[in-house]
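Structure first, commentary second.
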Amino acid sequence: MTGVTSSDEAPPRHWEADVLLRDGRTAHIRPITSADAELLVEFYARVSDQSKYYRFFSPMPHLSERDVARFTQVDHVNRVAFVLTLSGKMIAVGRYDVVRPREAEVAFLVEDQHQGRGIAQLLLEHLAQAGRERGVDRFVAEVLPDNSRMIQTFRDAGYRVASEYEDGVLMLEFPIDPTDTAIGVMINREHQAESASIHKFFNPRSVAVIGASRRQDTIGQALVRNLVMGDFTGRVYAVNPAAAAVSGMPAYKSVAEIPDEVDVAIVAVPAEAVQDVVLDCAAKGVHGLVVISSGFAETGEEGRQRQRRLVGLSRSYGLRLIGPNCLGIINTDPQVGLNASLSSLMPPRGRAGFFCQSGALGSAILEKVNNRGLGLSTFVSAGNRADVSGNDLLQYWEEDDSTEVVLLYLESIGNPRKFSRIARRVSLRKPIIAVRSGRTTQGVPMGHAVRRIAAPPQAVDAMFRQAGVIQVDTLEEMFDVAQLLAHQPLPRGRRVAIVGNSDALGLLAADAAAAVGLVVNKSVPLGADATAEDFEDALDAAIDDPEVDSVVAVYIPPLNVSGEDVANVLAAVGEQSDKPLVSSFLGAEGVPELLRVPDVAGSTAGRGSVPSYPAVEAAVRALARVVEYAVWLRTPDGPPPGPDEVDHATAKRIVNKLLAEHPDGTELADDVLTELLAAYGIELWSARPVANADEAREAGAAFGWDVVLKATADHLRERPDQAHVWRNIDTPEEMDDAWESLNMRITDADKAGFVVQKNAQPGVPIAVRSIEDPLFGPVVSFGISGPLIELVADKAYRIPPLGERDAAAMVREIKSSPMLFGYRGSEVVDVAEVERLIRRVAQLQNDVPQISSLELSLVLAGANGATVLTAAARVDPVADPRSDWFVRRMPDHPGDTIPN
């Protein structure tokens, strides 16, 4: 075994993180230090003899001073160790020691009472990532044959594990490359842990209100009243050190005095007192906190520091936190009946889960939901979103059988990479509707600590579309779409039938449909005196028509007519139809009582209820949003390029060599860029720089003529008023003419950057670009090349990895896409090759985060292929090479000292 070594070099900052365990509680992982000697000795004393034997293969009841020094003094390169801490105590340690080049031996020890919480798997993930960053390719482990739990840990990790017996010990070895299987295992564990942590908030057996008050019109009094009036099926405990009773219930001076277990604590005390509440709740074993209290990051720098301490303290003791400065949480399940919020309005039971960040908007949202008869399954106002975020709620709602539609009101996105990954998966099962404020300004509320996104706003919108998220502009439109998704089936396509008793409204509906990309295949004007039977016949015929995918019904009653008969027809047809039916019925909004179908599950409007809109334009717009989602859902998406199609190892070698020679980053020379692109199947057309006419003639001859002479300086390529390319040069004399003419036309010709290049087949100029965004990670864009296109920002964006569906959508969604599909009689370009180039650039950017930018700035797309004429790239060092893609970690926060 390697002797005791240590290093003055500090480990990377991103090796330290808060993590979520299998049961939904938190802990902290970090590199071990020599200062951990006492913690290690105390930890080892709590470990059982059997666990010690499994770790060291012999009785080892105590650690000697030499052992302690050996385990705590590491160099963070060849000897790496992580510890997991909870409540200031070490509860696990994992390490690897390099035993031969690129191979390390790995081992773990977990305190017995914390075994079974997924700790060894977490340590293995973080050690593997550290090993990859330090040049380790393979882990080996020695395990006793009867240590089934540890053997299973390695086998379940998703790596390819090989094993053999030697001297009564099982020898395991496996490469630690992050395979799709290993990443899939990690994502599944992350999903389970985050879902479990939220489940306990929504399904508590007991709730303590800390700051409960006897005084009317106080937050503490409102919280107690709303819990009781909401018919909470669990126990409610009031905590108030200055009162004997609150609302007829006994009051306890602290959480510790409550005789029973407490699952969730609702905190409504002054901000400066919240820290003491956290310590009390941690000692009591509370799972999570809902902090209603304000006075945190929304108030300025002092509040931000207080909020950081609150989050750090909560996580260090295993607690999850909703808030602070939030409205609270609601679960309308009659088996729970939880209204742990400041809203006195308990929304009706429904199929939608709602997440918002603004506490101020929360009450208005709940009132709007109630007025529309929409109904919610669960509701969360996250306030400053210091810990629990929309990503956590998505993980929970994905598995929640009572939630069929997800509604998000987002004022900021703390981790867009993770949101994109989770939303893509959830959207395949349940529609997500989102309103995002600050779309243009990227502004965020004071209480939200997020880094600014370097990618343009269009890239964020593209990320939502790519993930299947239905992004709408207003809360009103969100509810319009939600009530359709909650009560009607998905359409099969864009074809619409319009049935109504108003010709004017029928024409408005047809115009609105055409404007949003729907196709009106059938229009049935029934006339003002149409009866319920007329409506029934027309609706049945429209629904039975195979050329119709959805139906819009318009009903404006004649004078002194209630419309009840027509309502009964609409409700009956809506309940039985396998195609969506929307209406503008009496100008009503939501699901009117007359159009509701009873739901045995207790919802106010069941599946088949017909949503009504006050204007036909709103009905059609909502239908169009749902159609786009249905089309996305039914469009197959092929996988990104496989490992056999690209040479990741060569690309990685090239980039690593460049960064070793240029630690501050560098632009890639043409020969290096050519080799890098070739590793991903992209051929860069050769270009030869020339400084005078003689060199230009030599270059033309070397290419065998049929060449072009062009200036490549950026200030020229971006100016449409200066001709900088001379084509079809076949002789030395023609090259002399080209050289003289371009030098006369171009100002500062000595800075023009002339090159000679083989003449390419004619085609449409396109550009494919990618960048590494600090929040998004890789972002790829596509568009027609040229300054005019740049001026109007006609580009498509996506977040890698890209499948076939994403690349195809990028090519077709730009406004100038007709140029690729035979505009005005021109040849249709080889679109398949264009899509291949987009996918390869995206995969290269996805695989190598050290590429800070890559652009194929001029590609000629023709009928028989695409020629890459001009390209550029830059590499830069990355402190944290997207390690959160390969290990589970919670959003970062500055570390704080745990009080004694």
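We label chains A, B, ... in the order they appear in the structure tokens, count residues from 1 in each chain, and number ligands from 1 in the order shown.
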
Contacts of Arg634 (chain A) at 12 Å (only C-alpha atoms; same-chain gap of 5+ positions) as a short mmCIF file (atom, residue, chain, number, x, y, z; two decimals) with N, CA and C atoms, in the first residue's frame:
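Full text of out34.cif as output:
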data_model
loop_
_atom_site.label_atom_id
_atom_site.label_comp_id
_atom_site.auth_asym_id
_atom_site.auth_seq_id
_atom_site.Cartn_x
_atom_site.Cartn_y
_atom_site.Cartn_z
N SER A 427 -42.07 15.13 -19.67
CA SER A 427 -43.00 15.51 -20.74
C SER A 427 -43.46 14.31 -21.55
N LEU A 428 -42.69 13.25 -21.56
CA LEU A 428 -43.11 12.05 -22.27
C LEU A 428 -44.28 11.37 -21.59
N ARG A 429 -44.48 11.67 -20.30
CA ARG A 429 -45.56 11.05 -19.54
C ARG A 429 -46.68 12.03 -19.19
N GLY A 468 -40.23 19.48 -24.69
CA GLY A 468 -41.66 19.22 -24.78
C GLY A 468 -42.49 20.09 -23.86
N LEU A 490 -55.72 14.08 -25.96
CA LEU A 490 -54.81 14.77 -26.87
C LEU A 490 -55.26 14.62 -28.31
N PRO A 491 -55.11 15.64 -29.13
CA PRO A 491 -55.46 15.53 -30.55
C PRO A 491 -54.43 14.69 -31.29
N ARG A 492 -54.84 14.13 -32.40
CA ARG A 492 -53.92 13.32 -33.21
C ARG A 492 -53.20 14.16 -34.27
N GLY A 493 -53.70 15.35 -34.53
CA GLY A 493 -53.08 16.18 -35.56
C GLY A 493 -53.64 17.59 -35.53
N VAL A 627 -51.89 20.93 -29.51
CA VAL A 627 -51.54 20.22 -30.75
C VAL A 627 -50.02 20.13 -30.90
N GLU A 628 -49.33 21.24 -30.65
CA GLU A 628 -47.87 21.23 -30.77
C GLU A 628 -47.25 20.21 -29.81
N TYR A 629 -47.79 20.14 -28.60
CA TYR A 629 -47.29 19.15 -27.65
C TYR A 629 -47.56 17.74 -28.15
N ARG A 805 -34.85 14.11 -34.17
CA ARG A 805 -35.99 15.04 -34.13
C ARG A 805 -35.51 16.47 -33.90
#

Exercise: Asp706 (chain A) partners within 8 Å, only C-alpha atoms, chain neighbours under 4 positions left out, as a ChimeraX atom specification: /A:700,728-730,758-759

Keeping N, CA, C and O atoms, export the residues of the selection given above as a PDB file, in the first residue's frame.
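Here's the written file result25.pdb:
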ATOM      1  N   GLY A 700      -2.794  28.113 -56.121  1.00  0.00           N
ATOM      2  CA  GLY A 700      -3.739  27.691 -57.153  1.00  0.00           C
ATOM      3  C   GLY A 700      -3.232  26.489 -57.914  1.00  0.00           C
ATOM      4  O   GLY A 700      -3.990  25.552 -58.202  1.00  0.00           O
ATOM      5  N   ASN A 728     -13.837  30.837 -59.428  1.00  0.00           N
ATOM      6  CA  ASN A 728     -13.580  30.215 -60.740  1.00  0.00           C
ATOM      7  C   ASN A 728     -12.257  30.675 -61.360  1.00  0.00           C
ATOM      8  O   ASN A 728     -12.186  31.075 -62.526  1.00  0.00           O
ATOM      9  N   ILE A 729     -11.195  30.599 -60.563  1.00  0.00           N
ATOM     10  CA  ILE A 729      -9.856  30.969 -61.040  1.00  0.00           C
ATOM     11  C   ILE A 729      -9.181  29.712 -61.559  1.00  0.00           C
ATOM     12  O   ILE A 729      -8.984  28.742 -60.812  1.00  0.00           O
ATOM     13  N   ASP A 730      -8.772  29.728 -62.877  1.00  0.00           N
ATOM     14  CA  ASP A 730      -8.244  28.514 -63.495  1.00  0.00           C
ATOM     15  C   ASP A 730      -6.820  28.663 -64.019  1.00  0.00           C
ATOM     16  O   ASP A 730      -6.214  27.665 -64.436  1.00  0.00           O
ATOM     17  N   LYS A 758      -9.985  25.460 -52.801  1.00  0.00           N
ATOM     18  CA  LYS A 758     -10.607  24.777 -53.929  1.00  0.00           C
ATOM     19  C   LYS A 758     -12.043  25.267 -54.092  1.00  0.00           C
ATOM     20  O   LYS A 758     -12.753  25.489 -53.106  1.00  0.00           O
ATOM     21  N   ASN A 759     -12.482  25.447 -55.335  1.00  0.00           N
ATOM     22  CA  ASN A 759     -13.838  25.906 -55.590  1.00  0.00           C
ATOM     23  C   ASN A 759     -14.836  24.809 -55.225  1.00  0.00           C
ATOM     24  O   ASN A 759     -14.701  23.666 -55.659  1.00  0.00           O
TER      25      ASN A 759
END

Distance query region 306-319 of chain A at most 9 Å, only C-alpha atoms, self and fewer than 3 positions along chain excluded, as a VMD selection string: chain A and resid 18 to 20 24 to 28 85 to 88 271 to 272 274 to 275 278 to 279 281 to 283 285 to 289 295 to 297 301 to 303 324 386 to 387 893 to 899

At a cut-off of 10 Å, using only C-alpha atoms, what residues contact Asp529 (chain A)? Leave out same-chain residues fewer than 3 positions from it and give the result as a PyMOL selection string. chain A and resi 501-502+526+532+534+557-558

With a distance cut-off of 9 Å and only C-alpha atoms, select the neighbouring residues of region 861-875 of chain A, excluding the residue or stretch itself and same-chain residues fewer than 6 positions from it, and output the selection as a PyMOL selection string. chain A and resi 655+658-659+664-670+673-674+682-687+712+757+760-766+820+827-834+837+849-855

Which residues in region 833-882 of chain A does DSSP call strand (DSSP E or B)? List them as a ChimeraX atom specification. /A:851-862,865-875

Keeping only C-alpha atoms, write the selected residues as an mmCIF file, in the first residue's frame.
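Saved result, out.cif, follows:
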data_model
loop_
_atom_site.group_PDB
_atom_site.id
_atom_site.type_symbol
_atom_site.label_atom_id
_atom_site.label_comp_id
_atom_site.auth_asym_id
_atom_site.auth_seq_id
_atom_site.Cartn_x
_atom_site.Cartn_y
_atom_site.Cartn_z
ATOM 1 C CA ILE A 851 -14.269 23.554 -26.233
ATOM 2 C CA SER A 852 -15.552 26.992 -25.274
ATOM 3 C CA SER A 853 -16.696 27.816 -28.809
ATOM 4 C CA LEU A 854 -16.891 26.099 -32.159
ATOM 5 C CA GLU A 855 -18.260 27.470 -35.413
ATOM 6 C CA LEU A 856 -18.662 26.199 -38.917
ATOM 7 C CA SER A 857 -19.205 29.744 -40.099
ATOM 8 C CA LEU A 858 -19.509 28.984 -43.808
ATOM 9 C CA VAL A 859 -20.896 25.700 -45.073
ATOM 10 C CA LEU A 860 -22.233 25.421 -48.610
ATOM 11 C CA ALA A 861 -25.210 23.061 -48.555
ATOM 12 C CA GLY A 862 -25.913 21.720 -52.017
ATOM 13 C CA GLY A 865 -23.829 17.198 -49.817
ATOM 14 C CA ALA A 866 -22.429 20.036 -47.771
ATOM 15 C CA THR A 867 -18.915 21.522 -47.903
ATOM 16 C CA VAL A 868 -17.398 23.053 -44.768
ATOM 17 C CA LEU A 869 -15.355 25.975 -46.058
ATOM 18 C CA THR A 870 -14.641 28.024 -42.938
ATOM 19 C CA ALA A 871 -14.422 26.978 -39.295
ATOM 20 C CA ALA A 872 -12.921 28.158 -36.018
ATOM 21 C CA ALA A 873 -12.717 26.891 -32.451
ATOM 22 C CA ARG A 874 -11.308 27.806 -29.074
ATOM 23 C CA VAL A 875 -10.463 25.705 -26.027
#

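The neighbours of Val569 (chain A) here are the residues that come within 7 Å of it, using only C-alpha atoms and leaving out any residue fewer than 4 positions away in the same chain; they are A:Ala532, A:Glu536, A:Asp565, A:Val573.
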
Given only C-alpha atoms as the basis, pick out the residue of A:Pro525, A:Gly337, A:Pro31, A:Gly777 nearest to Asp884 (chain A). A:Gly777

Which residues in region 219-304 of chain A does DSSP call helix (DSSP H, G or I)? List them as a PyMOL selection string. chain A and resi 219-229+255-257+271-284+297-299+301-304

Neighbouring residues of Arg372 (chain A) were defined as those with any atom within 9 Å, considering only C-alpha atoms; residues of the same chain fewer than 3 positions away were excluded. Please report them as a ChimeraX atom specification. /A:367-369,375,479,483,589-592

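What separates CA of Lys89 (chain A) from CA of Gln115 (chain A) is a distance of 15.1 Å.
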
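For the pair CA of Val524 (chain A) and CA of Pro611 (chain A), the interatomic distance is 19.9 Å.
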
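With only C-alpha atoms as the atoms that count, the minimum distance from Arg769 (chain A) to the choices A:Ala679, A:Met735, A:Ala619, A:Ala455 is reached by A:Ala455.
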
If you count only C-alpha atoms, the residue of A:Leu407, A:Val548, A:Leu844, A:Ala196 closest to Ile771 (chain A) turns out to be A:Leu844

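Restricting the calculation to only C-alpha atoms, the smallest distance between Leu366 (chain A) and any of A:Asn384, A:Gln216, A:Ser247, A:Ser344 is found for A:Ser344.
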
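The residue that comes closest to Met810 (chain A), out of A:Gln466, A:Thr650, A:Asn391, A:Asn692 and on the basis of only C-alpha atoms, is A:Gln466.
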
In Å, with one decimal, what is the gap from CA of Asp511 (chain A) to CA of Met819 (chain A)? 27.3 Å

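For the residues A:Pro416, A:Gly230, A:Gly116, A:Gly390, ranking by smallest atom-to-atom distance to Asn331 (chain A) using only C-alpha atoms places A:Gly230 first.
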